[in-house]
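The next block is model19.json, given as JSON, N, CA, C and O atoms.
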```
[["chain", "number", "residue", "atom", "x", "y", "z"],
["Q", 1, "MET", "N", 0.85, -1.17, 0.00],
["Q", 1, "MET", "CA", 0.00, 0.00, 0.00],
["Q", 1, "MET", "C", 0.90, 1.23, 0.00],
["Q", 1, "MET", "O", 1.93, 1.27, 0.65],
["Q", 2, "THR", "N", 0.51, 2.24, -0.74],
["Q", 2, "THR", "CA", 1.27, 3.48, -0.78],
["Q", 2, "THR", "C", 0.38, 4.64, -0.39],
["Q", 2, "THR", "O", -0.84, 4.57, -0.49],
["Q", 3, "LEU", "N", 1.01, 5.70, 0.05],
["Q", 3, "LEU", "CA", 0.32, 6.93, 0.42],
["Q", 3, "LEU", "C", 0.82, 8.01, -0.52],
["Q", 3, "LEU", "O", 1.98, 8.41, -0.45],
["Q", 4, "ASP", "N", 0.00, 8.40, -1.46],
["Q", 4, "ASP", "CA", 0.38, 9.38, -2.47],
["Q", 4, "ASP", "C", -0.37, 10.69, -2.25],
["Q", 4, "ASP", "O", -1.53, 10.69, -1.85],
["Q", 5, "PHE", "N", 0.32, 11.79, -2.53],
["Q", 5, "PHE", "CA", -0.29, 13.10, -2.46],
["Q", 5, "PHE", "C", -0.13, 13.76, -3.81],
["Q", 5, "PHE", "O", 0.95, 13.79, -4.37],
["Q", 6, "LYS", "N", -1.23, 14.28, -4.34],
["Q", 6, "LYS", "CA", -1.19, 14.93, -5.65],
["Q", 6, "LYS", "C", -1.80, 16.32, -5.51],
["Q", 6, "LYS", "O", -2.64, 16.56, -4.66],
["Q", 7, "GLY", "N", -1.36, 17.19, -6.37],
["Q", 7, "GLY", "CA", -1.92, 18.53, -6.39],
["Q", 7, "GLY", "C", -0.83, 19.58, -6.36],
["Q", 7, "GLY", "O", 0.34, 19.31, -6.60],
["Q", 8, "ARG", "N", -1.24, 20.77, -6.05],
["Q", 8, "ARG", "CA", -0.32, 21.89, -6.03],
["Q", 8, "ARG", "C", 0.40, 21.93, -4.69],
["Q", 8, "ARG", "O", 0.07, 21.22, -3.77],
["Q", 9, "ASP", "N", 1.39, 22.82, -4.63],
["Q", 9, "ASP", "CA", 2.13, 23.06, -3.38],
["Q", 9, "ASP", "C", 2.83, 21.81, -2.87],
["Q", 9, "ASP", "O", 2.78, 21.49, -1.68],
["Q", 10, "GLU", "N", 3.53, 21.12, -3.76],
["Q", 10, "GLU", "CA", 4.24, 19.91, -3.37],
["Q", 10, "GLU", "C", 5.24, 20.18, -2.25],
["Q", 10, "GLU", "O", 5.39, 19.37, -1.34],
["Q", 11, "SER", "N", 5.92, 21.33, -2.29],
["Q", 11, "SER", "CA", 6.89, 21.64, -1.24],
["Q", 11, "SER", "C", 6.20, 21.83, 0.11],
["Q", 11, "SER", "O", 6.75, 21.45, 1.14],
["Q", 12, "LEU", "N", 5.00, 22.38, 0.12],
["Q", 12, "LEU", "CA", 4.25, 22.52, 1.37],
["Q", 12, "LEU", "C", 3.85, 21.16, 1.92],
["Q", 12, "LEU", "O", 3.96, 20.91, 3.13],
["Q", 13, "VAL", "N", 3.44, 20.26, 1.05],
["Q", 13, "VAL", "CA", 3.09, 18.90, 1.49],
["Q", 13, "VAL", "C", 4.32, 18.21, 2.08],
["Q", 13, "VAL", "O", 4.25, 17.60, 3.14],
["Q", 14, "THR", "N", 5.46, 18.34, 1.40],
["Q", 14, "THR", "CA", 6.70, 17.73, 1.89],
["Q", 14, "THR", "C", 7.06, 18.29, 3.27],
["Q", 14, "THR", "O", 7.43, 17.54, 4.17],
["Q", 15, "ALA", "N", 6.93, 19.59, 3.44],
["Q", 15, "ALA", "CA", 7.25, 20.22, 4.72],
["Q", 15, "ALA", "C", 6.32, 19.73, 5.83],
["Q", 15, "ALA", "O", 6.76, 19.46, 6.95],
["Q", 16, "LYS", "N", 5.03, 19.61, 5.53],
["Q", 16, "LYS", "CA", 4.08, 19.16, 6.55],
["Q", 16, "LYS", "C", 4.30, 17.70, 6.93],
["Q", 16, "LYS", "O", 4.17, 17.34, 8.09],
["Q", 17, "VAL", "N", 4.65, 16.87, 5.95],
["Q", 17, "VAL", "CA", 4.97, 15.47, 6.25],
["Q", 17, "VAL", "C", 6.20, 15.40, 7.15],
["Q", 17, "VAL", "O", 6.20, 14.72, 8.18],
["Q", 18, "ALA", "N", 7.24, 16.12, 6.79],
["Q", 18, "ALA", "CA", 8.47, 16.13, 7.58],
["Q", 18, "ALA", "C", 8.22, 16.64, 9.00],
["Q", 18, "ALA", "O", 8.73, 16.08, 9.98],
["Q", 19, "ALA", "N", 7.42, 17.69, 9.12],
["Q", 19, "ALA", "CA", 7.12, 18.25, 10.45],
["Q", 19, "ALA", "C", 6.32, 17.27, 11.30],
["Q", 19, "ALA", "O", 6.58, 17.10, 12.49],
["Q", 20, "ALA", "N", 5.34, 16.59, 10.70],
["Q", 20, "ALA", "CA", 4.52, 15.63, 11.45],
["Q", 20, "ALA", "C", 5.37, 14.46, 11.94],
["Q", 20, "ALA", "O", 5.25, 14.02, 13.09],
["Q", 21, "ILE", "N", 6.25, 13.96, 11.08],
["Q", 21, "ILE", "CA", 7.13, 12.85, 11.46],
["Q", 21, "ILE", "C", 8.11, 13.30, 12.54],
["Q", 21, "ILE", "O", 8.32, 12.60, 13.53],
["Q", 22, "ALA", "N", 8.71, 14.47, 12.37],
["Q", 22, "ALA", "CA", 9.66, 14.99, 13.36],
["Q", 22, "ALA", "C", 8.99, 15.16, 14.73],
["Q", 22, "ALA", "O", 9.56, 14.79, 15.76],
["Q", 23, "LYS", "N", 7.78, 15.71, 14.74],
["Q", 23, "LYS", "CA", 7.06, 15.89, 16.01],
["Q", 23, "LYS", "C", 6.80, 14.55, 16.68],
["Q", 23, "LYS", "O", 7.00, 14.39, 17.88],
["Q", 24, "GLU", "N", 6.38, 13.57, 15.90],
["Q", 24, "GLU", "CA", 6.12, 12.24, 16.45],
["Q", 24, "GLU", "C", 7.40, 11.62, 17.01],
["Q", 24, "GLU", "O", 7.39, 11.02, 18.09],
["Q", 25, "LEU", "N", 8.51, 11.78, 16.31],
["Q", 25, "LEU", "CA", 9.79, 11.23, 16.77],
["Q", 25, "LEU", "C", 10.25, 11.91, 18.06],
["Q", 25, "LEU", "O", 10.82, 11.26, 18.94],
["Q", 26, "LEU", "N", 10.02, 13.21, 18.17],
["Q", 26, "LEU", "CA", 10.43, 13.94, 19.37],
["Q", 26, "LEU", "C", 9.52, 13.67, 20.57],
["Q", 26, "LEU", "O", 9.97, 13.65, 21.71],
["Q", 27, "ASP", "N", 8.25, 13.46, 20.31],
["Q", 27, "ASP", "CA", 7.28, 13.26, 21.38],
["Q", 27, "ASP", "C", 7.25, 11.83, 21.94],
["Q", 27, "ASP", "O", 6.69, 11.60, 23.00],
["Q", 28, "ASN", "N", 7.81, 10.88, 21.21],
["Q", 28, "ASN", "CA", 7.74, 9.48, 21.61],
["Q", 28, "ASN", "C", 9.11, 8.82, 21.46],
["Q", 28, "ASN", "O", 9.99, 9.36, 20.81],
["Q", 29, "LYS", "N", 9.26, 7.67, 22.07],
["Q", 29, "LYS", "CA", 10.53, 6.95, 22.01],
["Q", 29, "LYS", "C", 10.54, 5.99, 20.83],
["Q", 29, "LYS", "O", 9.62, 5.20, 20.65],
["Q", 30, "TYR", "N", 11.61, 6.09, 20.05],
["Q", 30, "TYR", "CA", 11.84, 5.19, 18.92],
["Q", 30, "TYR", "C", 13.28, 4.71, 19.01],
["Q", 30, "TYR", "O", 14.13, 5.39, 19.60],
["Q", 31, "PRO", "N", 13.59, 3.57, 18.43],
["Q", 31, "PRO", "CA", 14.96, 3.06, 18.50],
["Q", 31, "PRO", "C", 15.94, 4.00, 17.79],
["Q", 31, "PRO", "O", 15.59, 4.62, 16.78],
["Q", 32, "ALA", "N", 17.15, 4.09, 18.32],
["Q", 32, "ALA", "CA", 18.18, 4.91, 17.70],
["Q", 32, "ALA", "C", 18.58, 4.31, 16.36],
["Q", 32, "ALA", "O", 18.48, 3.11, 16.15],
["Q", 33, "GLY", "N", 19.01, 5.14, 15.45],
["Q", 33, "GLY", "CA", 19.48, 4.66, 14.16],
["Q", 33, "GLY", "C", 18.85, 5.43, 13.02],
["Q", 33, "GLY", "O", 18.15, 6.41, 13.20],
["Q", 34, "THR", "N", 19.12, 4.95, 11.83],
["Q", 34, "THR", "CA", 18.61, 5.55, 10.61],
["Q", 34, "THR", "C", 17.57, 4.62, 10.01],
["Q", 34, "THR", "O", 17.85, 3.44, 9.81],
["Q", 35, "TYR", "N", 16.41, 5.15, 9.72],
["Q", 35, "TYR", "CA", 15.29, 4.34, 9.23],
["Q", 35, "TYR", "C", 14.57, 5.04, 8.10],
["Q", 35, "TYR", "O", 14.58, 6.26, 8.01],
["Q", 36, "HIS", "N", 13.90, 4.27, 7.28],
["Q", 36, "HIS", "CA", 12.92, 4.81, 6.34],
["Q", 36, "HIS", "C", 11.63, 4.99, 7.13],
["Q", 36, "HIS", "O", 11.37, 4.28, 8.10],
["Q", 37, "ILE", "N", 10.81, 5.93, 6.73],
["Q", 37, "ILE", "CA", 9.56, 6.22, 7.44],
["Q", 37, "ILE", "C", 8.73, 4.96, 7.64],
["Q", 37, "ILE", "O", 8.20, 4.71, 8.72],
["Q", 38, "GLU", "N", 8.63, 4.14, 6.60],
["Q", 38, "GLU", "CA", 7.79, 2.94, 6.68],
["Q", 38, "GLU", "C", 8.34, 1.88, 7.62],
["Q", 38, "GLU", "O", 7.63, 0.94, 7.98],
["Q", 39, "GLU", "N", 9.57, 2.03, 8.08],
["Q", 39, "GLU", "CA", 10.13, 1.11, 9.05],
["Q", 39, "GLU", "C", 9.69, 1.44, 10.48],
["Q", 39, "GLU", "O", 9.75, 0.59, 11.37],
["Q", 40, "LEU", "N", 9.26, 2.66, 10.70],
["Q", 40, "LEU", "CA", 8.84, 3.09, 12.04],
["Q", 40, "LEU", "C", 7.33, 3.30, 12.16],
["Q", 40, "LEU", "O", 6.79, 3.25, 13.27],
["Q", 41, "PHE", "N", 6.67, 3.56, 11.05],
["Q", 41, "PHE", "CA", 5.25, 3.89, 11.09],
["Q", 41, "PHE", "C", 4.49, 3.00, 10.12],
["Q", 41, "PHE", "O", 4.94, 2.75, 9.02],
["Q", 42, "THR", "N", 3.30, 2.57, 10.55],
["Q", 42, "THR", "CA", 2.42, 1.83, 9.64],
["Q", 42, "THR", "C", 1.64, 2.84, 8.82],
["Q", 42, "THR", "O", 1.56, 4.04, 9.16],
["Q", 43, "PHE", "N", 1.03, 2.38, 7.77],
["Q", 43, "PHE", "CA", 0.18, 3.23, 6.95],
["Q", 43, "PHE", "C", -0.92, 3.85, 7.80],
["Q", 43, "PHE", "O", -1.21, 5.04, 7.69],
["Q", 44, "GLU", "N", -1.52, 3.05, 8.67],
["Q", 44, "GLU", "CA", -2.61, 3.54, 9.51],
["Q", 44, "GLU", "C", -2.14, 4.63, 10.46],
["Q", 44, "GLU", "O", -2.85, 5.61, 10.71],
["Q", 45, "GLU", "N", -0.94, 4.47, 11.02],
["Q", 45, "GLU", "CA", -0.41, 5.49, 11.93],
["Q", 45, "GLU", "C", -0.18, 6.81, 11.18],
["Q", 45, "GLU", "O", -0.51, 7.88, 11.71],
["Q", 46, "LEU", "N", 0.37, 6.74, 9.99],
["Q", 46, "LEU", "CA", 0.58, 7.95, 9.20],
["Q", 46, "LEU", "C", -0.74, 8.60, 8.83],
["Q", 46, "LEU", "O", -0.90, 9.82, 8.93],
["Q", 47, "GLN", "N", -1.68, 7.78, 8.45],
["Q", 47, "GLN", "CA", -3.00, 8.31, 8.10],
["Q", 47, "GLN", "C", -3.63, 9.01, 9.30],
["Q", 47, "GLN", "O", -4.20, 10.09, 9.17],
["Q", 48, "ASN", "N", -3.52, 8.42, 10.48],
["Q", 48, "ASN", "CA", -4.07, 9.03, 11.69],
["Q", 48, "ASN", "C", -3.37, 10.34, 12.02],
["Q", 48, "ASN", "O", -4.00, 11.30, 12.46],
["Q", 49, "LEU", "N", -2.05, 10.39, 11.84],
["Q", 49, "LEU", "CA", -1.31, 11.63, 12.08],
["Q", 49, "LEU", "C", -1.83, 12.75, 11.18],
["Q", 49, "LEU", "O", -2.03, 13.86, 11.62],
["Q", 50, "PHE", "N", -2.05, 12.42, 9.91],
["Q", 50, "PHE", "CA", -2.48, 13.44, 8.97],
["Q", 50, "PHE", "C", -3.95, 13.77, 9.11],
["Q", 50, "PHE", "O", -4.35, 14.91, 8.92],
["Q", 51, "ASP", "N", -4.78, 12.79, 9.46],
["Q", 51, "ASP", "CA", -6.20, 13.06, 9.66],
["Q", 51, "ASP", "C", -6.43, 13.99, 10.84],
["Q", 51, "ASP", "O", -7.40, 14.74, 10.87],
["Q", 52, "ALA", "N", -5.54, 13.94, 11.82],
["Q", 52, "ALA", "CA", -5.69, 14.74, 13.03],
["Q", 52, "ALA", "C", -5.08, 16.14, 12.89],
["Q", 52, "ALA", "O", -5.08, 16.90, 13.84],
["Q", 53, "SER", "N", -4.57, 16.47, 11.73],
["Q", 53, "SER", "CA", -3.90, 17.75, 11.56],
["Q", 53, "SER", "C", -4.58, 18.59, 10.50],
["Q", 53, "SER", "O", -5.47, 18.14, 9.78],
["Q", 54, "SER", "N", -4.12, 19.82, 10.38],
["Q", 54, "SER", "CA", -4.63, 20.69, 9.33],
["Q", 54, "SER", "C", -4.18, 20.20, 7.96],
["Q", 54, "SER", "O", -4.69, 20.64, 6.93],
["Q", 55, "PHE", "N", -3.23, 19.30, 7.94],
["Q", 55, "PHE", "CA", -2.73, 18.73, 6.69],
["Q", 55, "PHE", "C", -3.85, 18.09, 5.88],
["Q", 55, "PHE", "O", -3.96, 18.30, 4.69],
["Q", 56, "SER", "N", -4.69, 17.32, 6.55],
["Q", 56, "SER", "CA", -5.78, 16.65, 5.83],
["Q", 56, "SER", "C", -6.77, 17.66, 5.28],
["Q", 56, "SER", "O", -7.33, 17.47, 4.22],
["Q", 57, "GLN", "N", -6.98, 18.76, 5.99],
["Q", 57, "GLN", "CA", -7.87, 19.80, 5.49],
["Q", 57, "GLN", "C", -7.29, 20.46, 4.25],
["Q", 57, "GLN", "O", -8.00, 20.79, 3.32],
["Q", 58, "LEU", "N", -5.97, 20.63, 4.24],
["Q", 58, "LEU", "CA", -5.31, 21.21, 3.08],
["Q", 58, "LEU", "C", -5.48, 20.32, 1.87],
["Q", 58, "LEU", "O", -5.82, 20.79, 0.79],
["Q", 59, "ILE", "N", -5.31, 19.02, 2.03],
["Q", 59, "ILE", "CA", -5.41, 18.09, 0.92],
["Q", 59, "ILE", "C", -6.84, 18.05, 0.38],
["Q", 59, "ILE", "O", -7.06, 18.07, -0.81],
["Q", 60, "THR", "N", -7.83, 18.00, 1.26],
["Q", 60, "THR", "CA", -9.21, 17.86, 0.81],
["Q", 60, "THR", "C", -9.76, 19.17, 0.24],
["Q", 60, "THR", "O", -10.70, 19.14, -0.53],
["Q", 61, "SER", "N", -9.16, 20.29, 0.59],
["Q", 61, "SER", "CA", -9.68, 21.57, 0.10],
["Q", 61, "SER", "C", -9.15, 21.91, -1.28],
["Q", 61, "SER", "O", -9.61, 22.85, -1.90],
["Q", 62, "GLN", "N", -8.18, 21.18, -1.80],
["Q", 62, "GLN", "CA", -7.60, 21.49, -3.11],
["Q", 62, "GLN", "C", -8.28, 20.75, -4.21],
["Q", 62, "GLN", "O", -8.89, 19.78, -4.11]]
```
Please go through the file and, once you have read it, give me the structure as structure tokens.
Amino acid sequence: MTLDFKGRDESLVTAKVAAAIAKELLDNKYPAGTYHIEELFTFEELQNLFDASSFSQLITSQ
């Protein structure tokens, strides 16, 4: 399963994704090291992060 974002303001989407992931990493404990996003988060977890933010409103309003 993939999570794709389409539309305008690609850089804004990238920034919001990075900010949401960074906040989650800072607020909770994760193992030390270098990981791909999908190694630490499930699709459902990412979807919940975005559904709970203004990010989802941005996507649906475009």
Exercise on range 11-18 of chain Q, axis-aligned box with 6 Å per side, report centre and edge lengths in Å to one decimal, as JSON:
```
{"center_x": 5.9, "center_y": 18.6, "center_z": 3.8, "size_x": 17.6, "size_y": 19.8, "size_z": 24.3}
```
What is the distance, in Å and to one decimal place, between atom C of Leu46 in chain Q and atom O of Asp27 in chain Q?
-> 16.3 Å
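For the pair CA of Val13 in chain Q and CA of Lys29 in chain Q, the interatomic distance is 24.9 Å.
Among the candidates Q:Ala15, Q:Ala20, Q:Leu25, Q:Ala32, the one nearest to Phe50 in chain Q when counting only N, CA, C and O atoms is Q:Ala20.
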Quick one, how far is CA of Glu45 in chain Q from CA of Glu10 in chain Q?
-> 21.5 Å
